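As stored in final10.cif (mmCIF, C-alpha atoms and all ligand atoms):
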```
data_protein
#
loop_
_atom_site.group_PDB
_atom_site.id
_atom_site.type_symbol
_atom_site.label_atom_id
_atom_site.label_comp_id
_atom_site.auth_asym_id
_atom_site.auth_seq_id
_atom_site.Cartn_x
_atom_site.Cartn_y
_atom_site.Cartn_z
ATOM 1 C CA MET Q 1 -15.645 -2.150 -25.283
ATOM 2 C CA ALA Q 2 -13.410 0.701 -24.074
ATOM 3 C CA SER Q 3 -11.937 0.148 -20.647
ATOM 4 C CA SER Q 4 -12.751 2.553 -17.825
ATOM 5 C CA ASN Q 5 -10.218 4.086 -15.466
ATOM 6 C CA VAL Q 6 -12.820 4.329 -12.701
ATOM 7 C CA SER Q 7 -11.589 2.153 -9.860
ATOM 8 C CA SER Q 8 -14.010 -0.409 -8.552
ATOM 9 C CA ALA Q 9 -13.877 -2.668 -5.543
ATOM 10 C CA SER Q 10 -13.532 -6.404 -5.974
ATOM 11 C CA SER Q 11 -16.493 -8.512 -4.889
ATOM 12 C CA SER Q 12 -14.685 -9.436 -1.669
ATOM 13 C CA SER Q 13 -13.855 -5.843 -0.698
ATOM 14 C CA PRO Q 14 -16.564 -3.303 0.224
ATOM 15 C CA VAL Q 15 -16.385 -0.131 -1.841
ATOM 16 C CA LEU Q 16 -15.329 2.080 1.104
ATOM 17 C CA ALA Q 17 -12.951 -0.399 2.774
ATOM 18 C CA GLY Q 18 -10.063 1.447 4.442
ATOM 19 C CA LYS Q 19 -11.869 4.808 4.341
ATOM 20 C CA VAL Q 20 -12.700 6.964 7.365
ATOM 21 C CA ALA Q 21 -15.915 9.020 7.443
ATOM 22 C CA PHE Q 22 -17.181 11.738 9.765
ATOM 23 C CA VAL Q 23 -20.937 12.439 9.828
ATOM 24 C CA THR Q 24 -22.432 15.322 11.805
ATOM 25 C CA GLY Q 25 -25.789 14.632 13.453
ATOM 26 C CA GLY Q 26 -25.625 10.852 13.101
ATOM 27 C CA SER Q 27 -27.758 9.743 16.035
ATOM 28 C CA ARG Q 28 -31.189 9.926 14.372
ATOM 29 C CA GLY Q 29 -33.003 10.347 11.067
ATOM 30 C CA ILE Q 30 -31.125 10.856 7.825
ATOM 31 C CA GLY Q 31 -27.746 11.064 9.588
ATOM 32 C CA ALA Q 32 -28.189 7.678 11.278
ATOM 33 C CA ALA Q 33 -29.107 6.101 7.932
ATOM 34 C CA ILE Q 34 -25.955 7.609 6.399
ATOM 35 C CA VAL Q 35 -23.801 6.297 9.256
ATOM 36 C CA ARG Q 36 -25.249 2.783 8.840
ATOM 37 C CA ARG Q 37 -24.825 2.842 5.056
ATOM 38 C CA LEU Q 38 -21.226 4.099 5.048
ATOM 39 C CA ALA Q 39 -20.318 1.508 7.691
ATOM 40 C CA ARG Q 40 -21.936 -1.263 5.614
ATOM 41 C CA ASP Q 41 -19.941 -0.012 2.625
ATOM 42 C CA GLY Q 42 -16.785 -0.622 4.668
ATOM 43 C CA ALA Q 43 -15.875 2.785 6.123
ATOM 44 C CA ALA Q 44 -14.935 3.394 9.754
ATOM 45 C CA VAL Q 45 -17.478 6.036 10.785
ATOM 46 C CA ALA Q 46 -17.270 8.709 13.470
ATOM 47 C CA PHE Q 47 -20.415 10.723 14.042
ATOM 48 C CA SER Q 48 -21.572 13.565 16.229
ATOM 49 C CA TYR Q 49 -24.843 14.179 18.023
ATOM 50 C CA ALA Q 50 -26.227 17.013 20.132
ATOM 51 C CA SER Q 51 -28.031 15.234 22.964
ATOM 52 C CA SER Q 52 -29.224 11.743 21.912
ATOM 53 C CA GLY Q 53 -26.589 9.726 23.785
ATOM 54 C CA ALA Q 54 -28.593 6.498 24.066
ATOM 55 C CA PRO Q 55 -29.482 6.142 20.341
ATOM 56 C CA ALA Q 56 -25.910 7.125 19.429
ATOM 57 C CA ASP Q 57 -24.428 4.422 21.659
ATOM 58 C CA GLU Q 58 -26.938 1.889 20.314
ATOM 59 C CA LEU Q 59 -25.926 2.732 16.738
ATOM 60 C CA VAL Q 60 -22.247 2.186 17.587
ATOM 61 C CA ARG Q 61 -23.097 -1.202 19.153
ATOM 62 C CA THR Q 62 -25.123 -2.248 16.086
ATOM 63 C CA ILE Q 63 -22.320 -1.354 13.695
ATOM 64 C CA GLU Q 64 -19.713 -3.124 15.820
ATOM 65 C CA ALA Q 65 -21.934 -6.210 16.040
ATOM 66 C CA GLU Q 66 -21.973 -6.283 12.236
ATOM 67 C CA GLY Q 67 -18.156 -6.178 12.202
ATOM 68 C CA GLY Q 68 -17.796 -2.441 11.491
ATOM 69 C CA ARG Q 69 -16.060 0.388 13.350
ATOM 70 C CA ALA Q 70 -17.872 3.449 14.722
ATOM 71 C CA LEU Q 71 -17.329 6.254 17.216
ATOM 72 C CA ALA Q 72 -20.012 8.564 18.651
ATOM 73 C CA LEU Q 73 -19.049 12.042 19.871
ATOM 74 C CA LYS Q 74 -21.298 14.532 21.712
ATOM 75 C CA ILE Q 75 -20.659 17.831 19.914
ATOM 76 C CA ASP Q 76 -22.975 20.796 19.422
ATOM 77 C CA SER Q 77 -22.254 21.840 15.843
ATOM 78 C CA ALA Q 78 -22.760 25.472 16.850
ATOM 79 C CA ASP Q 79 -19.619 25.220 19.006
ATOM 80 C CA ALA Q 80 -16.859 25.696 16.434
ATOM 81 C CA ASP Q 81 -14.005 24.792 18.789
ATOM 82 C CA ALA Q 82 -15.732 21.606 19.917
ATOM 83 C CA LEU Q 83 -16.530 20.624 16.338
ATOM 84 C CA LYS Q 84 -12.936 21.092 15.209
ATOM 85 C CA ALA Q 85 -11.625 19.215 18.247
ATOM 86 C CA GLY Q 86 -14.078 16.362 17.603
ATOM 87 C CA ILE Q 87 -13.007 15.986 13.998
ATOM 88 C CA ASP Q 88 -9.345 15.997 15.035
ATOM 89 C CA ARG Q 89 -10.124 13.373 17.667
ATOM 90 C CA ALA Q 90 -11.990 11.175 15.172
ATOM 91 C CA ALA Q 91 -9.097 11.379 12.718
ATOM 92 C CA GLY Q 92 -6.652 10.393 15.467
ATOM 93 C CA HIS Q 93 -8.892 7.521 16.573
ATOM 94 C CA PHE Q 94 -9.090 6.050 13.068
ATOM 95 C CA GLY Q 95 -5.461 6.322 11.944
ATOM 96 C CA GLY Q 96 -4.935 10.006 11.223
ATOM 97 C CA ARG Q 97 -7.259 10.549 8.268
ATOM 98 C CA ILE Q 98 -10.725 11.674 7.216
ATOM 99 C CA ASP Q 99 -11.666 10.584 3.694
ATOM 100 C CA ILE Q 100 -15.353 11.438 3.749
ATOM 101 C CA LEU Q 101 -17.120 14.302 5.536
ATOM 102 C CA VAL Q 102 -20.907 14.405 5.596
ATOM 103 C CA ASN Q 103 -22.401 17.608 7.004
ATOM 104 C CA ASN Q 104 -25.861 16.414 7.959
ATOM 105 C CA ALA Q 105 -26.716 18.078 11.308
ATOM 106 C CA GLY Q 106 -29.371 20.689 10.791
ATOM 107 C CA VAL Q 107 -32.170 22.538 12.509
ATOM 108 C CA LEU Q 108 -35.554 23.649 11.182
ATOM 109 C CA HIS Q 109 -37.112 26.795 12.614
ATOM 110 C CA LEU Q 110 -40.294 27.893 10.846
ATOM 111 C CA GLY Q 111 -42.309 31.026 11.429
ATOM 112 C CA PRO Q 112 -43.626 34.244 9.979
ATOM 113 C CA VAL Q 113 -40.977 36.884 9.460
ATOM 114 C CA GLU Q 114 -42.683 39.339 11.826
ATOM 115 C CA GLN Q 115 -42.316 36.943 14.766
ATOM 116 C CA PHE Q 116 -39.096 35.139 13.848
ATOM 117 C CA SER Q 117 -36.634 35.600 16.726
ATOM 118 C CA LEU Q 118 -33.022 36.610 16.200
ATOM 119 C CA ALA Q 119 -32.066 33.705 18.475
ATOM 120 C CA ASP Q 120 -33.670 31.231 16.030
ATOM 121 C CA PHE Q 121 -32.095 33.077 13.096
ATOM 122 C CA ASP Q 122 -28.627 32.891 14.685
ATOM 123 C CA ARG Q 123 -29.058 29.233 15.682
ATOM 124 C CA THR Q 124 -30.074 28.351 12.104
ATOM 125 C CA ILE Q 125 -27.021 30.051 10.667
ATOM 126 C CA ALA Q 126 -24.693 28.563 13.309
ATOM 127 C CA VAL Q 127 -25.779 24.952 12.757
ATOM 128 C CA ASN Q 128 -26.891 24.876 9.102
ATOM 129 C CA VAL Q 129 -24.193 27.143 7.623
ATOM 130 C CA ARG Q 130 -21.278 28.091 9.879
ATOM 131 C CA ALA Q 131 -20.780 24.544 11.199
ATOM 132 C CA VAL Q 132 -20.578 23.228 7.628
ATOM 133 C CA PHE Q 133 -17.709 25.611 6.918
ATOM 134 C CA VAL Q 134 -16.003 24.845 10.244
ATOM 135 C CA ALA Q 135 -16.235 21.067 9.707
ATOM 136 C CA ILE Q 136 -14.898 21.361 6.166
ATOM 137 C CA GLN Q 137 -11.911 23.418 7.369
ATOM 138 C CA ALA Q 138 -11.216 20.918 10.139
ATOM 139 C CA ALA Q 139 -11.612 17.815 7.947
ATOM 140 C CA LEU Q 140 -9.421 19.190 5.168
ATOM 141 C CA ALA Q 141 -6.431 19.069 7.525
ATOM 142 C CA HIS Q 142 -6.805 15.260 7.456
ATOM 143 C CA MET Q 143 -8.055 14.742 3.875
ATOM 144 C CA GLY Q 144 -6.009 13.672 0.889
ATOM 145 C CA THR Q 145 -6.642 13.086 -2.807
ATOM 146 C CA GLY Q 146 -9.926 11.286 -3.421
ATOM 147 C CA GLY Q 147 -11.572 13.004 -0.453
ATOM 148 C CA ARG Q 148 -15.316 13.519 -0.453
ATOM 149 C CA ILE Q 149 -17.405 16.280 1.138
ATOM 150 C CA VAL Q 150 -21.193 15.933 1.066
ATOM 151 C CA ASN Q 151 -23.591 18.415 2.658
ATOM 152 C CA ILE Q 152 -27.220 17.542 3.353
ATOM 153 C CA SER Q 153 -28.905 20.652 2.008
ATOM 154 C CA SER Q 154 -32.581 20.637 0.979
ATOM 155 C CA THR Q 155 -34.807 20.947 -2.034
ATOM 156 C CA ASN Q 156 -35.825 24.191 -0.278
ATOM 157 C CA ALA Q 157 -32.504 25.607 -1.531
ATOM 158 C CA GLU Q 158 -34.303 25.799 -4.888
ATOM 159 C CA ARG Q 159 -37.988 26.015 -4.033
ATOM 160 C CA MET Q 160 -39.812 27.219 -0.914
ATOM 161 C CA PRO Q 161 -43.480 26.957 -1.830
ATOM 162 C CA PHE Q 162 -45.047 27.679 1.559
ATOM 163 C CA ALA Q 163 -44.895 30.558 4.065
ATOM 164 C CA GLY Q 164 -42.664 30.564 7.121
ATOM 165 C CA GLY Q 165 -39.627 28.841 5.654
ATOM 166 C CA SER Q 166 -37.547 31.814 4.556
ATOM 167 C CA VAL Q 167 -34.702 31.467 7.068
ATOM 168 C CA TYR Q 168 -34.410 27.698 6.616
ATOM 169 C CA ALA Q 169 -34.411 28.096 2.805
ATOM 170 C CA MET Q 170 -31.791 30.829 3.077
ATOM 171 C CA SER Q 171 -29.565 28.598 5.187
ATOM 172 C CA LYS Q 172 -29.762 25.778 2.661
ATOM 173 C CA SER Q 173 -29.299 27.965 -0.420
ATOM 174 C CA ALA Q 174 -26.150 29.385 1.232
ATOM 175 C CA LEU Q 175 -24.677 25.909 0.779
ATOM 176 C CA THR Q 176 -25.189 26.190 -2.990
ATOM 177 C CA GLY Q 177 -22.708 29.040 -3.237
ATOM 178 C CA LEU Q 178 -20.387 27.347 -0.775
ATOM 179 C CA VAL Q 179 -20.012 24.112 -2.753
ATOM 180 C CA GLN Q 180 -19.715 25.911 -6.083
ATOM 181 C CA GLY Q 181 -16.819 27.948 -4.761
ATOM 182 C CA LEU Q 182 -15.233 25.111 -2.791
ATOM 183 C CA ALA Q 183 -15.329 22.816 -5.817
ATOM 184 C CA ARG Q 184 -12.890 25.260 -7.458
ATOM 185 C CA ASP Q 185 -10.662 25.402 -4.372
ATOM 186 C CA LEU Q 186 -10.566 21.651 -3.874
ATOM 187 C CA GLY Q 187 -10.675 20.246 -7.414
ATOM 188 C CA PRO Q 188 -6.902 20.573 -7.805
ATOM 189 C CA ARG Q 189 -6.538 18.476 -4.619
ATOM 190 C CA GLY Q 190 -8.760 15.724 -6.093
ATOM 191 C CA ILE Q 191 -11.471 16.396 -3.506
ATOM 192 C CA THR Q 192 -15.126 16.653 -4.507
ATOM 193 C CA VAL Q 193 -17.759 18.704 -2.687
ATOM 194 C CA ASN Q 194 -21.481 18.410 -3.318
ATOM 195 C CA ASN Q 195 -24.899 19.076 -1.830
ATOM 196 C CA VAL Q 196 -27.614 16.448 -1.551
ATOM 197 C CA GLN Q 197 -31.001 18.197 -1.614
ATOM 198 C CA PRO Q 198 -33.741 16.002 -0.141
ATOM 199 C CA GLY Q 199 -37.439 16.677 -0.332
ATOM 200 C CA PRO Q 200 -39.648 15.657 2.600
ATOM 201 C CA VAL Q 201 -38.084 12.689 4.404
ATOM 202 C CA ASP Q 202 -39.821 10.797 7.194
ATOM 203 C CA THR Q 203 -37.847 11.704 10.345
ATOM 204 C CA ASP Q 204 -38.506 13.347 13.699
ATOM 205 C CA MET Q 205 -37.909 16.701 11.970
ATOM 206 C CA ASN Q 206 -40.581 16.081 9.336
ATOM 207 C CA PRO Q 207 -42.792 13.088 10.142
ATOM 208 C CA ALA Q 208 -44.815 11.541 7.317
ATOM 209 C CA SER Q 209 -47.806 11.771 9.693
ATOM 210 C CA GLY Q 210 -47.237 15.480 10.414
ATOM 211 C CA PRO Q 211 -49.749 18.279 9.815
ATOM 212 C CA MET Q 212 -47.844 19.605 6.759
ATOM 213 C CA ALA Q 213 -47.472 16.223 5.034
ATOM 214 C CA ALA Q 214 -50.487 16.379 2.697
ATOM 215 C CA THR Q 215 -49.613 19.932 1.618
ATOM 216 C CA MET Q 216 -46.052 18.912 0.800
ATOM 217 C CA HIS Q 217 -47.169 15.823 -1.110
ATOM 218 C CA GLY Q 218 -49.288 18.122 -3.270
ATOM 219 C CA PHE Q 219 -46.113 19.860 -4.513
ATOM 220 C CA MET Q 220 -44.520 16.586 -5.594
ATOM 221 C CA ALA Q 221 -44.522 14.289 -8.624
ATOM 222 C CA ILE Q 222 -44.187 11.291 -6.290
ATOM 223 C CA GLY Q 223 -46.548 12.203 -3.478
ATOM 224 C CA ARG Q 224 -44.945 10.622 -0.450
ATOM 225 C CA HIS Q 225 -42.195 11.238 2.095
ATOM 226 C CA GLY Q 226 -38.808 9.800 1.215
ATOM 227 C CA HIS Q 227 -37.065 7.224 3.368
ATOM 228 C CA ALA Q 228 -33.811 8.108 5.129
ATOM 229 C CA ASP Q 229 -32.188 5.077 3.470
ATOM 230 C CA GLU Q 230 -32.950 6.575 0.042
ATOM 231 C CA ILE Q 231 -30.972 9.694 0.963
ATOM 232 C CA ALA Q 232 -28.163 7.551 2.373
ATOM 233 C CA GLY Q 233 -27.957 5.756 -0.985
ATOM 234 C CA MET Q 234 -27.231 9.013 -2.820
ATOM 235 C CA VAL Q 235 -24.646 9.979 -0.206
ATOM 236 C CA ALA Q 236 -22.996 6.569 -0.569
ATOM 237 C CA TYR Q 237 -22.720 7.101 -4.326
ATOM 238 C CA LEU Q 238 -21.158 10.569 -3.896
ATOM 239 C CA ALA Q 239 -18.737 9.139 -1.317
ATOM 240 C CA SER Q 240 -17.632 6.344 -3.629
ATOM 241 C CA PRO Q 241 -14.708 6.299 -6.090
ATOM 242 C CA GLU Q 242 -17.296 6.089 -8.898
ATOM 243 C CA ALA Q 243 -18.369 9.712 -8.242
ATOM 244 C CA ALA Q 244 -14.915 11.260 -8.812
ATOM 245 C CA PHE Q 245 -16.258 13.461 -11.641
ATOM 246 C CA VAL Q 246 -19.203 14.926 -9.679
ATOM 247 C CA THR Q 247 -18.364 18.183 -7.898
ATOM 248 C CA GLY Q 248 -19.908 21.565 -7.205
ATOM 249 C CA ALA Q 249 -23.364 20.048 -7.702
ATOM 250 C CA GLY Q 250 -26.678 20.225 -5.909
ATOM 251 C CA LEU Q 251 -28.462 16.924 -6.418
ATOM 252 C CA ASN Q 252 -32.201 16.831 -5.755
ATOM 253 C CA ILE Q 253 -33.671 13.666 -4.298
ATOM 254 C CA ASP Q 254 -37.136 15.017 -3.659
ATOM 255 C CA GLY Q 255 -39.866 13.093 -5.458
ATOM 256 C CA GLY Q 256 -40.066 15.938 -7.967
ATOM 257 C CA PHE Q 257 -40.705 18.658 -5.334
ATOM 258 C CA ALA Q 258 -38.542 21.165 -7.241
ATOM 259 C CA ALA Q 259 -39.508 19.980 -10.740
HETATM 260 P P1 LIG Q 301 -33.666 15.075 12.718
HETATM 261 O O1 LIG Q 301 -34.111 16.238 13.517
HETATM 262 O O2 LIG Q 301 -34.528 13.880 12.623
HETATM 263 O O3 LIG Q 301 -32.200 14.621 13.228
HETATM 264 C C1 LIG Q 301 -31.226 15.623 13.346
HETATM 265 C C2 LIG Q 301 -29.898 15.012 13.689
HETATM 266 O O4 LIG Q 301 -28.943 16.084 13.753
HETATM 267 C C3 LIG Q 301 -29.897 14.341 15.049
HETATM 268 O O5 LIG Q 301 -28.948 13.290 15.036
HETATM 269 C C4 LIG Q 301 -29.444 15.480 15.960
HETATM 270 O O6 LIG Q 301 -28.773 15.053 17.146
HETATM 271 C C5 LIG Q 301 -28.459 16.182 15.066
HETATM 272 N N1 LIG Q 301 -28.308 17.576 15.431
HETATM 273 C C6 LIG Q 301 -29.235 18.547 15.437
HETATM 274 N N2 LIG Q 301 -28.718 19.703 15.854
HETATM 275 C C7 LIG Q 301 -27.409 19.444 16.126
HETATM 276 C C8 LIG Q 301 -26.349 20.217 16.609
HETATM 277 N N3 LIG Q 301 -26.498 21.501 16.923
HETATM 278 N N4 LIG Q 301 -25.144 19.616 16.782
HETATM 279 C C9 LIG Q 301 -24.964 18.318 16.492
HETATM 280 N N5 LIG Q 301 -25.943 17.529 16.022
HETATM 281 C C10 LIG Q 301 -27.151 18.088 15.860
HETATM 282 O O7 LIG Q 301 -33.363 15.669 11.270
HETATM 283 P P2 LIG Q 301 -33.363 14.981 9.822
HETATM 284 O O8 LIG Q 301 -32.697 13.674 9.872
HETATM 285 O O9 LIG Q 301 -34.708 15.099 9.247
HETATM 286 O O10 LIG Q 301 -32.453 16.051 9.039
HETATM 287 C C11 LIG Q 301 -31.076 15.846 8.777
HETATM 288 C C12 LIG Q 301 -30.632 16.891 7.771
HETATM 289 O O11 LIG Q 301 -31.407 16.763 6.588
HETATM 290 C C13 LIG Q 301 -30.795 18.334 8.239
HETATM 291 O O12 LIG Q 301 -29.715 19.112 7.777
HETATM 292 C C14 LIG Q 301 -32.081 18.768 7.545
HETATM 293 O O13 LIG Q 301 -32.135 20.166 7.358
HETATM 294 C C15 LIG Q 301 -31.966 18.007 6.250
HETATM 295 N N6 LIG Q 301 -33.218 17.797 5.543
HETATM 296 C C16 LIG Q 301 -34.245 17.106 6.144
HETATM 297 C C17 LIG Q 301 -35.427 16.906 5.451
HETATM 298 C C18 LIG Q 301 -36.588 16.178 6.027
HETATM 299 O O14 LIG Q 301 -37.681 16.257 5.447
HETATM 300 N N7 LIG Q 301 -36.442 15.435 7.123
HETATM 301 C C19 LIG Q 301 -35.606 17.430 4.092
HETATM 302 C C20 LIG Q 301 -34.454 18.118 3.563
HETATM 303 C C21 LIG Q 301 -33.324 18.290 4.274
HETATM 304 P P3 LIG Q 301 -29.618 14.697 18.492
HETATM 305 O O15 LIG Q 301 -30.292 13.385 18.205
HETATM 306 O O16 LIG Q 301 -28.588 14.578 19.540
HETATM 307 O O17 LIG Q 301 -30.586 15.797 18.692
#
```

Would you write out, as structure tokens, the structure that this file holds?
Amino acid sequence: MASSNVSSASSSSPVLAGKVAFVTGGSRGIGAAIVRRLARDGAAVAFSYASSGAPADELVRTIEAEGGRALALKIDSADADALKAGIDRAAGHFGGRIDILVNNAGVLHLGPVEQFSLADFDRTIAVNVRAVFVAIQAALAHMGTGGRIVNISSTNAERMPFAGGSVYAMSKSALTGLVQGLARDLGPRGITVNNVQPGPVDTDMNPASGPMAATMHGFMAIGRHGHADEIAGMVAYLASPEAAFVTGAGLNIDGGFAA
């Protein structure tokens, strides 16, 4: 059999041992699952949150109790200066590097176009789009060859089959163009950049028991909400050395929502 030049970790060394990750919005939901998974895979993980100090501190304690390293930082992603400063601080705390950036923090404002406020429009753009760009710029200052950038987009970047979601869908489809362009900028540096596009996932943002759940399941081939750990598994793959040839992609993990 031909040998592969893909590096793999030995059985005694977790796949992300020695790596440093930064995850935005890691206190709850999908972000918390990503933080836990990257830490279990051996990375030191810094993560931001907007207001959930108690769950963030609890997550740090859990990871440390399992022998991992974690750092929680209160940063509103809409505050570009604070976000950049937080990423710089995380890099300094963990030895001067960021190997993996996961842009997960996001907001969901739904509503008919006639009543949609400019404040909600601006907040959506600030958190779901501008902060992704700001975090990427900040992390790149600390990122070397083999770096990984993963954005949590949405299957709504490709399909928005119900009314009221236009601004959210726009914010997520903006990330499609961003990663396609950035893949070209960063490929020569050996850095990959991809979007993970979940379908409905059971979190505070979109509970499996919510009023829209049955409607959403009707659009899907696998009619259920996803689990945050399932999304974290795809992120862990993209963050790993094995995914070195995946870049500029939008990967659906949506139970067939966009099929
Ligand atoms: P949740 O609302 O359950 O959790 C959001 C997380 O992001 C929290 O940790 C929250 O912090 C943090 N956050 C929110 N706003 C900010 C901000 N301005 N600055 C810093 N952190 C912030 O969301 P989900 O876990 O469901 O969603 C995570 C991502 O996945 C989002 O980008 C979302 O658009 C995307 N997504 C979600 C889907 C779903 O069905 N759930 C489907 C497809 C995509 P705090 O706890 O402090 O508020």

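Coordinates place atom CA of Q:Arg130 at a distance of 19.6 Å from atom O2 of ligand LIG 301 (chain Q).
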
Selection result for the PyMOL selection byres (((chain Q and resi 35-39) around 9) and not hetatm) on this file, as a ChimeraX atom specification
/Q:16,21-23,26-27,30-34,40-47,59,62-63,68-70,229,232-233,235-236,239

Please give me, as a PyMOL selection string, the residues lying within 6 Å of ligand LIG 301 (chain Q) when counting all atoms listed in the file.
chain Q and resi 24-31+48-52+75-78+104-107+127+152-154+198-206

Within 12 Å of Q:Ala139, counting all atoms listed in the file, which residues show up once you throw out same-chain ones fewer than 6 positions away? Write them as a PyMOL selection string, please.
chain Q and resi 20-24+83-92+96-103+131-133+147-150+191

Taking only residues of stretch 67-182 of chain Q that have an atom at most 12 Å from an atom of stretch 214-217 of chain Q, what is each one's shortest atom pair and its distance in Å to one decimal, using all atoms listed in the file, in chain and number order, as a Markdown table?
```
| residue | atom | partner | partner_atom | distance |
| --- | --- | --- | --- | --- |
| Q:Thr155 | CA | Q:Met216 | CA | 11.8 |
| Q:Asn156 | CA | Q:Met216 | CA | 11.6 |
| Q:Arg159 | CA | Q:Met216 | CA | 11.8 |
| Q:Met160 | CA | Q:Met216 | CA | 10.5 |
| Q:Pro161 | CA | Q:Met216 | CA | 8.8 |
| Q:Phe162 | CA | Q:Met216 | CA | 8.9 |
| Q:Ala163 | CA | Q:Thr215 | CA | 11.9 |
```

Atomic separation - atom CA of Q:Arg184 relative to atom CA of Q:Met170, Å
22.3 Å

Please provide as a list in words all residues within 8 Å of Q:Met220, with the sequence filter that same-chain residues fewer than 4 positions apart are discarded (counting all atoms listed in the file).
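Residues meeting the cut-off are Met216, Arg224, Asp254, Gly255, Gly256, Phe257, Ala258 and Ala259 of chain Q.
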
Which one of Q:Leu178, Q:Ala208, Q:Ala244, Q:Ala169 sits closest to Q:Leu108 if you count only C-alpha atoms?
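Nearest to Q:Leu108: Q:Ala169.
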
So the first atom is atom CA of Q:Ala249 and the second is atom CA of Q:Thr176; what is the distance between them in Å, to one decimal place?
8.0 Å
